[in-house]
>>> print(open('data29.cif').read())   # mmCIF, C-alpha atoms
data_my_file
#
loop_
_atom_site.label_atom_id
_atom_site.label_comp_id
_atom_site.auth_asym_id
_atom_site.auth_seq_id
_atom_site.Cartn_x
_atom_site.Cartn_y
_atom_site.Cartn_z
CA MET A 1 75.82 -18.02 -49.24
CA GLN A 2 74.39 -20.22 -46.52
CA LEU A 3 72.02 -22.08 -48.83
CA GLN A 4 74.84 -23.51 -50.90
CA SER A 5 75.78 -25.85 -48.05
CA ALA A 6 72.30 -27.41 -48.27
CA HIS A 7 71.92 -27.60 -52.05
CA GLN A 8 73.18 -31.13 -52.63
CA GLU A 9 71.19 -32.51 -49.70
CA LEU A 10 68.03 -30.78 -50.98
CA LEU A 11 68.62 -32.31 -54.42
CA ASP A 12 69.13 -35.71 -52.83
CA LEU A 13 65.78 -35.27 -51.06
CA GLY A 14 64.16 -34.49 -54.41
CA PHE A 15 63.89 -30.71 -53.93
CA GLU A 16 64.93 -27.92 -56.26
CA LEU A 17 66.31 -24.63 -54.93
CA TYR A 18 66.01 -21.13 -56.41
CA ALA A 19 67.03 -17.71 -55.13
CA ILE A 20 65.84 -14.42 -56.58
CA SER A 21 66.91 -10.80 -56.04
CA TYR A 22 66.81 -7.41 -57.80
CA ASP A 23 70.43 -7.82 -58.94
CA GLU A 24 71.42 -7.84 -62.63
CA PRO A 25 72.26 -11.25 -64.17
CA ASP A 26 75.97 -10.44 -64.52
CA ALA A 27 76.15 -9.39 -60.87
CA LEU A 28 74.59 -12.73 -59.93
CA ALA A 29 77.05 -14.50 -62.25
CA ASP A 30 79.99 -12.84 -60.47
CA PHE A 31 78.52 -13.82 -57.11
CA ALA A 32 77.90 -17.40 -58.23
CA ALA A 33 81.46 -17.72 -59.55
CA ALA A 34 83.00 -16.17 -56.41
CA HIS A 35 81.08 -18.43 -54.02
CA GLY A 36 80.60 -21.62 -56.00
CA ILE A 37 76.82 -21.37 -56.26
CA THR A 38 75.30 -24.42 -58.00
CA TYR A 39 71.58 -23.49 -57.93
CA PRO A 40 69.86 -20.89 -60.14
CA LEU A 41 70.13 -17.27 -59.05
CA LEU A 42 67.28 -15.38 -60.70
CA SER A 43 67.40 -11.73 -61.68
CA ASP A 44 64.47 -9.38 -61.09
CA PRO A 45 66.07 -5.98 -61.77
CA ASP A 46 62.74 -4.14 -62.15
CA SER A 47 61.31 -5.96 -59.11
CA GLU A 48 58.42 -7.27 -61.21
CA VAL A 49 58.32 -10.65 -59.48
CA ILE A 50 58.89 -9.03 -56.10
CA ARG A 51 55.90 -6.71 -56.70
CA ALA A 52 53.76 -9.56 -58.04
CA PHE A 53 54.39 -11.38 -54.77
CA GLY A 54 53.45 -8.24 -52.83
CA ILE A 55 56.70 -8.21 -50.85
CA LEU A 56 58.38 -5.04 -52.15
CA ASN A 57 59.98 -3.15 -49.26
CA THR A 58 57.76 -0.07 -49.47
CA LEU A 59 59.51 1.60 -46.53
CA ILE A 60 62.22 2.56 -49.04
CA PRO A 61 61.24 5.61 -51.16
CA PRO A 62 61.24 5.00 -54.95
CA ASP A 63 63.98 7.60 -55.46
CA ASP A 64 66.35 6.07 -52.91
CA HIS A 65 68.84 4.41 -55.24
CA PRO A 66 70.10 1.78 -55.31
CA TRP A 67 68.12 0.41 -52.37
CA PHE A 68 64.60 0.81 -53.73
CA GLY A 69 63.35 -2.42 -55.27
CA ILE A 70 64.44 -4.93 -52.66
CA PRO A 71 61.91 -7.31 -51.14
CA PHE A 72 61.14 -8.10 -47.56
CA PRO A 73 63.37 -11.15 -47.73
CA GLY A 74 61.87 -14.55 -47.14
CA THR A 75 61.55 -18.11 -48.31
CA TYR A 76 58.70 -20.26 -49.58
CA LEU A 77 58.67 -24.04 -49.55
CA ILE A 78 56.35 -25.61 -52.14
CA ASP A 79 55.21 -29.17 -52.72
CA ALA A 80 55.13 -31.09 -56.00
CA ASP A 81 51.89 -29.33 -56.98
CA GLY A 82 53.44 -25.91 -56.43
CA VAL A 83 51.39 -25.29 -53.27
CA ILE A 84 53.12 -23.30 -50.52
CA THR A 85 53.58 -25.54 -47.48
CA ASP A 86 55.78 -23.27 -45.33
CA LYS A 87 57.22 -19.79 -45.43
CA PHE A 88 59.88 -17.97 -43.46
CA PHE A 89 60.13 -14.19 -42.97
CA ASP A 90 61.70 -12.10 -40.20
CA ALA A 91 61.12 -8.42 -39.47
CA ASN A 92 64.81 -7.89 -38.72
CA LEU A 93 66.28 -7.98 -42.20
CA ALA A 94 69.68 -8.92 -40.79
CA ILE A 95 68.24 -12.28 -39.68
CA ARG A 96 68.08 -15.10 -42.19
CA PHE A 97 66.81 -18.54 -41.52
CA GLY A 98 69.47 -21.20 -41.91
CA PRO A 99 69.08 -24.13 -44.26
CA GLU A 100 68.53 -26.52 -41.35
CA GLN A 101 64.82 -25.72 -41.03
CA LEU A 102 64.38 -26.25 -44.76
CA LEU A 103 66.21 -29.55 -44.65
CA ALA A 104 64.18 -30.69 -41.63
CA LEU A 105 60.94 -29.98 -43.52
CA ALA A 106 62.21 -31.58 -46.71
CA ARG A 107 63.50 -34.67 -44.90
CA GLY A 108 60.86 -35.09 -42.20
CA GLU A 109 61.80 -35.37 -38.53
CA GLU A 110 61.16 -39.12 -38.47
CA ALA A 111 64.55 -39.48 -40.17
CA LEU A 112 66.14 -38.51 -36.84
CA PHE A 113 64.79 -41.72 -35.27
CA GLU A 114 65.92 -44.20 -37.90
CA GLU A 115 67.88 -47.17 -36.62
CA LEU A 116 67.31 -46.25 -32.95
CA GLU A 117 66.30 -48.94 -30.49
CA PRO A 118 63.07 -48.60 -28.47
CA VAL A 119 63.60 -47.12 -24.99
CA ASP A 120 62.17 -48.02 -21.55
CA ALA A 121 62.18 -44.42 -20.35
CA VAL A 122 62.27 -41.09 -22.19
CA GLN A 123 65.71 -40.32 -23.54
CA VAL A 124 66.60 -36.85 -24.72
CA ASP A 125 69.44 -35.83 -27.01
CA VAL A 126 70.22 -32.18 -27.63
CA TRP A 127 72.44 -30.81 -30.36
CA ILE A 128 72.80 -27.84 -32.65
CA GLU A 129 72.30 -28.21 -36.38
CA GLY A 130 74.76 -26.19 -38.41
CA ARG A 131 78.53 -26.35 -38.24
CA ASP A 132 78.90 -22.72 -37.15
CA MET A 133 76.87 -19.69 -36.08
CA PRO A 134 77.61 -16.64 -38.23
CA PRO A 135 75.89 -13.35 -37.33
CA GLY A 136 72.23 -13.28 -38.34
CA ILE A 137 72.03 -16.86 -39.58
CA GLN A 138 69.52 -18.95 -37.68
CA ARG A 139 70.67 -22.35 -36.48
CA ASP A 140 68.48 -24.84 -34.68
CA VAL A 141 68.97 -26.22 -31.20
CA VAL A 142 67.31 -29.61 -31.60
CA ALA A 143 65.88 -31.73 -28.79
CA ARG A 144 65.03 -35.27 -29.80
CA PHE A 145 62.74 -37.03 -27.32
CA ARG A 146 62.65 -40.81 -27.63
CA VAL A 147 59.45 -41.88 -25.94
CA PRO A 148 58.53 -45.45 -24.87
CA ASP A 149 55.47 -47.05 -26.46
CA GLY A 150 52.28 -46.05 -24.69
CA GLN A 151 53.70 -42.85 -23.21
CA HIS A 152 53.23 -39.26 -24.32
CA LEU A 153 54.63 -35.77 -23.68
CA TYR A 154 52.77 -32.45 -23.50
CA ASP A 155 52.68 -29.19 -25.38
CA ASP A 156 51.94 -25.86 -23.67
CA PRO A 157 49.65 -24.89 -22.10
CA VAL A 158 49.48 -27.57 -19.43
CA PRO A 159 47.53 -27.53 -16.17
CA GLU A 160 49.39 -26.90 -12.93
CA GLY A 161 51.36 -29.94 -11.89
CA LEU A 162 52.23 -31.02 -15.42
CA VAL A 163 55.36 -29.99 -17.33
CA ALA A 164 55.32 -29.42 -21.08
CA ALA A 165 58.23 -30.51 -23.25
CA THR A 166 60.33 -27.39 -23.78
CA ILE A 167 63.80 -26.12 -24.63
CA GLU A 168 64.81 -23.22 -22.39
CA ILE A 169 67.91 -21.26 -23.38
CA GLU A 170 69.78 -18.97 -20.98
CA SER A 171 70.09 -15.41 -22.18
CA ALA A 172 73.65 -14.45 -23.08
CA HIS A 173 75.29 -11.35 -24.53
CA GLY A 174 74.74 -11.21 -28.28
CA LEU A 175 72.62 -14.37 -28.39
CA ILE A 176 69.15 -14.12 -29.97
CA VAL A 177 66.65 -16.90 -29.24
CA PHE A 178 63.48 -17.46 -31.26
CA ASP A 179 60.22 -19.23 -30.50
CA GLU A 180 60.26 -23.01 -30.50
CA ILE A 181 59.18 -24.92 -33.58
CA ARG A 182 56.89 -27.66 -32.38
CA PRO A 183 55.21 -30.48 -34.24
CA SER A 184 51.46 -30.79 -34.22
CA THR A 185 49.78 -32.48 -31.28
CA HIS A 186 46.76 -34.66 -30.69
CA PRO A 187 44.02 -33.80 -28.23
CA LEU A 188 43.77 -36.10 -25.20
CA GLU A 189 40.25 -35.94 -23.77
CA LEU A 190 40.20 -36.11 -19.98
CA GLY A 191 36.54 -37.07 -19.67
CA ASP A 192 35.60 -33.95 -17.71
CA GLY A 193 35.23 -31.87 -20.86
CA THR A 194 38.82 -30.66 -20.89
CA SER A 195 41.53 -31.86 -23.20
CA LEU A 196 45.30 -31.70 -23.29
CA SER A 197 47.64 -31.27 -26.25
CA VAL A 198 49.87 -34.32 -26.36
CA TYR A 199 52.68 -35.59 -28.53
CA ASP A 200 52.15 -39.22 -29.36
CA GLY A 201 55.44 -41.05 -29.10
CA ASP A 202 58.75 -39.71 -30.37
CA VAL A 203 59.00 -35.95 -30.87
CA VAL A 204 61.49 -33.34 -32.04
CA ILE A 205 61.38 -29.74 -30.85
CA ARG A 206 63.57 -27.09 -32.49
CA ARG A 207 64.57 -23.72 -31.10
CA PRO A 208 66.25 -21.43 -33.62
CA VAL A 209 69.06 -19.24 -32.33
CA THR A 210 71.43 -16.73 -33.85
CA GLN A 211 73.94 -14.17 -32.66
CA ASN A 212 74.61 -10.56 -33.59
CA GLY A 213 78.36 -10.86 -34.03
CA GLN A 214 79.15 -10.02 -30.42
CA ALA A 215 78.33 -13.32 -28.74
CA GLY A 216 80.85 -15.76 -27.39
CA GLU A 217 84.54 -15.51 -26.69
CA ARG A 218 87.84 -16.35 -28.29
CA ILE A 219 89.18 -19.79 -27.44
CA ASP A 220 92.56 -20.70 -28.95
CA GLY A 221 92.14 -18.00 -31.58
CA THR A 222 88.63 -19.02 -32.69
CA ARG A 223 85.53 -17.16 -31.61
CA MET A 224 83.19 -19.68 -30.00
CA VAL A 225 79.54 -19.21 -29.09
CA MET A 226 78.23 -21.00 -26.00
CA ILE A 227 74.58 -21.95 -25.74
CA ARG A 228 73.42 -23.15 -22.34
CA GLY A 229 69.97 -24.29 -21.44
CA THR A 230 67.63 -26.88 -20.03
CA VAL A 231 65.21 -29.31 -21.60
CA ARG A 232 62.13 -30.10 -19.54
CA TRP A 233 59.48 -32.74 -19.98
CA GLN A 234 57.11 -35.06 -18.22
CA ALA A 235 55.94 -38.38 -19.62
CA CYS A 236 52.60 -39.97 -18.87
CA ASP A 237 50.75 -43.03 -20.04
CA ASP A 238 46.98 -43.38 -19.99
CA ASP A 239 46.97 -44.22 -16.28
CA GLN A 240 49.72 -42.27 -14.57
CA CYS A 241 52.47 -39.71 -14.91
CA GLY A 242 56.15 -39.90 -14.18
CA LEU A 243 58.00 -37.16 -12.33
CA PRO A 244 58.92 -33.94 -14.13
CA GLN A 245 62.37 -34.25 -15.67
CA ARG A 246 65.08 -31.79 -16.63
CA GLN A 247 68.33 -32.12 -18.46
CA ALA A 248 70.87 -29.32 -18.78
CA PHE A 249 72.88 -28.86 -21.97
CA GLU A 250 75.81 -26.78 -23.08
CA LEU A 251 76.64 -26.45 -26.76
CA THR A 252 79.76 -24.77 -28.10
CA VAL A 253 79.95 -23.85 -31.75
CA PRO A 254 82.40 -21.71 -33.74
CA ALA A 255 80.97 -18.30 -34.63
CA GLY A 256 81.92 -18.60 -38.28
CA ARG A 257 81.55 -15.88 -40.90
CA ILE A 258 78.94 -14.74 -43.35
CA VAL A 259 79.65 -13.94 -46.97
CA ILE A 260 80.41 -10.23 -47.03
CA PRO A 261 80.19 -7.84 -49.99
CA ASP A 262 83.38 -6.67 -51.63
CA THR A 263 82.10 -3.10 -51.72
CA GLY A 264 81.80 -0.72 -48.77
CA PRO A 265 83.65 -1.21 -45.48
CA ALA A 266 84.80 -4.75 -46.31
CA ALA A 267 86.31 -3.83 -49.70
CA GLY A 268 89.66 -5.55 -50.05
CA LYS A 269 88.84 -8.12 -47.36
CA ALA A 270 86.06 -9.98 -49.17
CA VAL A 271 86.14 -12.39 -52.09
CA PRO A 272 86.22 -10.12 -55.19
CA MET A 273 83.01 -10.04 -57.26
CA ASN A 274 83.12 -6.63 -58.99
CA GLY A 275 80.90 -5.12 -56.30
CA ASP A 276 81.83 -1.48 -56.96
CA LYS A 277 80.97 -1.79 -60.65
CA HIS A 278 77.65 -3.51 -59.99
CA LEU A 279 76.68 -1.10 -57.21
CA GLU A 280 77.41 1.91 -59.41
CA ARG A 281 75.16 0.51 -62.13
CA MET A 282 72.41 -0.16 -59.59
CA ARG A 283 72.64 3.49 -58.54
CA THR A 284 72.20 4.72 -62.10
CA ARG A 285 70.11 2.05 -63.88
CA ARG A 286 66.80 3.76 -63.10
CA GLY A 287 67.81 6.88 -64.98
CA VAL A 288 69.31 8.99 -62.22
CA MET B 1 60.51 0.99 -38.84
CA ASP B 2 62.75 1.11 -35.80
CA THR B 3 65.58 3.59 -36.24
CA THR B 4 67.18 3.02 -32.86
CA ALA B 5 70.91 3.05 -33.48
CA GLU B 6 74.24 3.30 -31.78
CA ARG B 7 77.82 3.24 -32.98
CA LEU B 8 79.90 0.11 -32.63
CA GLY B 9 82.86 1.53 -30.74
CA ASP B 10 84.60 4.32 -32.68
CA GLY B 11 84.30 2.50 -35.99
CA PRO B 12 82.10 3.06 -39.05
CA LEU B 13 79.44 0.52 -38.09
CA TRP B 14 76.01 1.11 -36.60
CA LEU B 15 74.16 -1.34 -34.36
CA ASP B 16 70.42 -1.94 -34.63
CA VAL B 17 68.07 -2.83 -31.76
CA HIS B 18 69.29 -6.43 -31.82
CA GLY B 19 72.93 -5.38 -31.88
CA PHE B 20 73.55 -6.27 -35.52
CA PRO B 21 76.27 -4.07 -37.02
CA GLY B 22 76.11 -2.55 -40.50
CA PRO B 23 77.61 0.33 -42.44
CA LYS B 24 74.22 2.04 -42.78
CA LYS B 25 72.30 3.51 -39.88
CA PRO B 26 69.16 1.51 -39.03
CA GLY B 27 66.29 3.18 -40.87
CA ASP B 28 68.55 4.23 -43.76
CA GLY B 29 69.04 2.61 -47.14
CA PRO B 30 68.46 -1.13 -47.06
CA ARG B 31 68.21 -1.17 -43.25
CA ARG B 32 64.56 -0.20 -43.30
CA ASP B 33 63.22 -3.01 -41.18
CA PRO B 34 59.47 -3.34 -40.77
CA VAL B 35 57.94 -3.27 -37.30
CA GLY B 36 54.86 -5.30 -36.54
CA ASN B 37 52.96 -6.89 -39.39
CA PHE B 38 54.44 -6.60 -42.83
CA PRO B 39 53.58 -8.28 -46.14
CA THR B 40 54.95 -11.78 -46.61
CA GLY B 41 53.23 -12.52 -49.92
CA PRO B 42 51.04 -15.47 -50.83
CA GLU B 43 49.83 -17.54 -47.93
CA ILE B 44 50.47 -21.16 -47.03
CA GLY B 45 48.01 -23.29 -49.03
CA ALA B 46 48.14 -21.02 -52.10
CA VAL B 47 49.89 -22.01 -55.32
CA LEU B 48 53.18 -20.15 -55.67
CA PRO B 49 52.72 -17.43 -58.32
CA ASP B 50 54.67 -17.82 -61.55
CA ILE B 51 58.30 -16.76 -61.52
CA VAL B 52 59.86 -16.24 -64.94
CA ALA B 53 63.20 -14.46 -64.85
CA GLN B 54 66.74 -14.51 -66.21
CA ASN B 55 69.10 -16.83 -64.39
CA HIS B 56 72.73 -15.94 -63.67
CA ASP B 57 73.71 -17.34 -67.08
CA GLY B 58 71.34 -14.85 -68.70
CA GLU B 59 68.82 -17.50 -69.80
CA MET B 60 65.10 -17.25 -69.08
CA LEU B 61 63.94 -19.69 -66.41
CA ASP B 62 60.36 -20.51 -65.44
CA VAL B 63 60.42 -21.93 -61.91
CA HIS B 64 57.31 -24.09 -62.23
CA ALA B 65 58.48 -25.53 -65.57
CA HIS B 66 62.08 -25.95 -64.43
CA ARG B 67 61.27 -27.85 -61.26
CA ALA B 68 59.42 -30.41 -63.43
CA GLY B 69 56.98 -31.59 -60.78
CA LYS B 70 59.46 -31.60 -57.91
CA PRO B 71 58.98 -29.73 -54.65
CA ALA B 72 61.20 -26.69 -54.21
CA ALA B 73 62.44 -23.90 -51.98
CA VAL B 74 62.28 -20.36 -53.38
CA VAL B 75 64.33 -17.73 -51.57
CA PHE B 76 63.83 -13.96 -52.02
CA PHE B 77 66.97 -12.19 -50.82
CA ARG B 78 68.03 -8.57 -50.82
CA SER B 79 71.20 -8.45 -52.88
CA ALA B 80 74.26 -10.41 -53.92
CA VAL B 81 76.13 -7.14 -54.49
CA TRP B 82 76.01 -5.32 -51.14
#
>>> encode(input="data29.cif", output="structure tokens")
Amino acid sequence: MQLQSAHQELLDLGFELYAISYDEPDALADFAAAHGITYPLLSDPDSEVIRAFGILNTLIPPDDHPWFGIPFPGTYLIDADGVITDKFFDANLAIRFGPEQLLALARGEEALFEELEPVDAVQVDVWIEGRDMPPGIQRDVVARFRVPDGQHLYDDPVPEGLVAATIEIESAHGLIVFDEIRPSTHPLELGDGTSLSVYDGDVVIRRPVTQNGQAGERIDGTRMVMIRGTVRWQACDDDQCGLPQRQAFELTVPAGRIVIPDTGPAAGKAVPMNGDKHLERMRTRRGV
Amino acid sequence: MDTTAERLGDGPLWLDVHGFPGPKKPGDGPRRDPVGNFPTGPEIGAVLPDIVAQNHDGEMLDVHAHRAGKPAAVVFFRSAVW
């Protein structure tokens, strides 16, 4: 499971991690043992918690066993008081957010600027967070803008002649690109009644991406996904603006694999976790 | 839900509108994806409702008590079996 890779770092940042599903406890125990899960997997076999949250997948008829009872999958991030600070859901149930967005929120983006020297002109670094890109798992293309003191960048929308800070990603077969995740801005009043949305100083923009299993090509026996794009920005101070800038990037990352069930088409190829037995019980546990 | 589907080659897998393969046809079984707005539970700013459930060791766990005043991530997923 993708979250396992982030568990220790979340603990180090002072966060706990829980995952809950409609599986029976022994099915979760087999999964945890097979995949080395170190955080609590919680069992909600009657979907009581799922219903209490109001996220039962009601498109599935109640007599459609064993599928009835699953949630619209998603994640909540809560603070020390238990208040929800962020949540992640996607209508395509094959798409899961990766742990990178969670870690970024838990850590704070300012950590990406630690121990960096001040710059005289905007410097941009682009990378992808996540060591691979398995089908359906979101990874983040990250653009870190180091901005000199006294200068600022812009968020959309900008008036004609100005360029907002953006990450553009070229479309490619099998590649799925999501909306950018942008930090909050400050209004800059222009004096004529209009205002612009500006980023004060350093800024990080994220653009989640995933692939559907058909992206990329084999290089030396490993399927690699290529992500090509352009970062654009324009820096201004209170008096004047610099020229619009652009910087192309090309990221290459191994496609990787997701954890697959050991029942169904992948039986015999996946890590064994008694899937047939558990699935049979899920078919019959509601008295059918 | 969007039930647009095509076969992946001659094999047993079906592709959904985004090209994701799966053994079930989109719109069937667990591949009933919502279209448009769908419920995502309590909103940002609300206190996370109580979660008391058995963990994978079979012991009862209360999330708010267990996290002992720490922030947390709570993930609802579909299944660890299929």
>>> interface_residues(input="data29.cif", of="chain A", to="chain B", cutoff="7 Å", atoms="all atoms listed in the file", output="PyMOL selection string")
chain A and resi 14-23+25-29+31+40-44+49+53-55+59-60+67+70-71+73-86+89+91-93+212-213+261+263+265+275+278-279
>>> atom_distance(input="data29.cif", atom1="atom CA of Thr222 of chain A", atom2="atom CA of Ala255 of chain A")
7.9 Å
>>> residues_around(input="data29.cif", residues="Gly242 of chain A", least_positions_apart="3", cutoff="10 Å", atoms="only C-alpha atoms", output="PyMOL selection string")
chain A and resi 121+151+162+233-237+245
>>> resolve_selection(input="data29.cif", expression="the PyMOL selection byres ((chain A and resi 186) around 9)", output="list of chain:residue names")
A:Ser184, A:Thr185, A:Pro187, A:Leu188, A:Leu196, A:Ser197, A:Val198, A:Tyr199, A:Asp200
>>> resolve_selection(input="data29.cif", expression="the PyMOL selection byres ((chain A and resi 94-105) around 7)", output="JSON, numbers by chain")
{"A": [2, 3, 6, 10, 90, 92, 93, 106, 107, 108, 109, 129, 130, 136, 137, 138, 139, 140]}
>>> resolve_selection(input="data29.cif", expression="the PyMOL selection byres ((chain A and resi 145) around 9)", output="list of chain:residue names")
A:Val122, A:Gln123, A:Val124, A:Asp125, A:Val126, A:Ala143, A:Arg144, A:Arg146, A:Val147, A:Leu153, A:Ala165, A:Gly201, A:Asp202, A:Val203, A:Val204, A:Ile205
>>> closest_residue(input="data29.cif", among="A:Asp64, A:Glu24, A:Asp46, A:Glu250", to="Glu170 of chain A", atoms="all atoms listed in the file")
A:Glu250
>>> residues_around(input="data29.cif", residues="Met133 of chain A", least_positions_apart="6", cutoff="9 Å", atoms="all atoms listed in the file", output="mmCIF file with C-alpha atoms, keeping the file's coordinate frame")
data_model
loop_
_atom_site.group_PDB
_atom_site.id
_atom_site.type_symbol
_atom_site.label_atom_id
_atom_site.label_comp_id
_atom_site.auth_asym_id
_atom_site.auth_seq_id
_atom_site.Cartn_x
_atom_site.Cartn_y
_atom_site.Cartn_z
ATOM 1 C CA ARG A 139 70.670 -22.350 -36.480
ATOM 2 C CA VAL A 209 69.060 -19.240 -32.330
ATOM 3 C CA THR A 210 71.430 -16.730 -33.850
ATOM 4 C CA GLN A 211 73.940 -14.170 -32.660
ATOM 5 C CA MET A 224 83.190 -19.680 -30.000
ATOM 6 C CA VAL A 225 79.540 -19.210 -29.090
ATOM 7 C CA VAL A 253 79.950 -23.850 -31.750
ATOM 8 C CA PRO A 254 82.400 -21.710 -33.740
ATOM 9 C CA ALA A 255 80.970 -18.300 -34.630
ATOM 10 C CA GLY A 256 81.920 -18.600 -38.280
ATOM 11 C CA ARG A 257 81.550 -15.880 -40.900
#
>>> build_atoms(input="data29.cif", residues="segment 59-77 of chain A", atoms="N, CA and C atoms", output="compact mmCIF listing (two decimals), in the frame of the given file")
# COMPACT_ATOMS: atom_id res chain seq x y z
N LEU A 59 58.97 0.60 -47.47
CA LEU A 59 59.51 1.60 -46.53
C LEU A 59 60.64 2.39 -47.19
N ILE A 60 61.14 1.88 -48.32
CA ILE A 60 62.22 2.56 -49.04
C ILE A 60 61.58 3.43 -50.13
N PRO A 61 61.85 4.75 -50.14
CA PRO A 61 61.24 5.61 -51.16
C PRO A 61 61.74 5.23 -52.56
N PRO A 62 60.87 5.40 -53.58
CA PRO A 62 61.24 5.00 -54.95
C PRO A 62 62.46 5.72 -55.49
N ASP A 63 62.82 6.88 -54.93
CA ASP A 63 63.98 7.60 -55.46
C ASP A 63 65.24 7.32 -54.64
N ASP A 64 65.18 6.37 -53.74
CA ASP A 64 66.35 6.07 -52.91
C ASP A 64 67.15 4.96 -53.57
N HIS A 65 68.03 5.36 -54.49
CA HIS A 65 68.84 4.41 -55.24
C HIS A 65 70.13 4.11 -54.50
N PRO A 66 70.64 2.92 -54.58
CA PRO A 66 70.10 1.78 -55.31
C PRO A 66 69.20 0.89 -54.49
N TRP A 67 68.76 1.35 -53.30
CA TRP A 67 68.12 0.41 -52.37
C TRP A 67 66.70 0.08 -52.75
N PHE A 68 65.99 1.06 -53.37
CA PHE A 68 64.60 0.81 -53.73
C PHE A 68 64.51 -0.40 -54.67
N GLY A 69 63.53 -1.26 -54.41
CA GLY A 69 63.35 -2.42 -55.27
C GLY A 69 63.60 -3.74 -54.56
N ILE A 70 64.19 -3.67 -53.36
CA ILE A 70 64.44 -4.93 -52.66
C ILE A 70 63.15 -5.45 -52.03
N PRO A 71 63.09 -6.75 -51.80
CA PRO A 71 61.91 -7.31 -51.14
C PRO A 71 62.10 -7.33 -49.62
N PHE A 72 61.00 -7.55 -48.90
CA PHE A 72 61.14 -8.10 -47.56
C PHE A 72 61.62 -9.52 -47.77
N PRO A 73 62.83 -9.84 -47.36
CA PRO A 73 63.37 -11.15 -47.73
C PRO A 73 62.66 -12.30 -47.03
N GLY A 74 62.55 -13.40 -47.74
CA GLY A 74 61.87 -14.55 -47.14
C GLY A 74 61.96 -15.74 -48.06
N THR A 75 61.46 -16.85 -47.57
CA THR A 75 61.55 -18.11 -48.31
C THR A 75 60.22 -18.84 -48.30
N TYR A 76 59.89 -19.41 -49.45
CA TYR A 76 58.70 -20.26 -49.58
C TYR A 76 59.15 -21.69 -49.86
N LEU A 77 58.47 -22.62 -49.23
CA LEU A 77 58.67 -24.04 -49.55
C LEU A 77 57.39 -24.51 -50.24
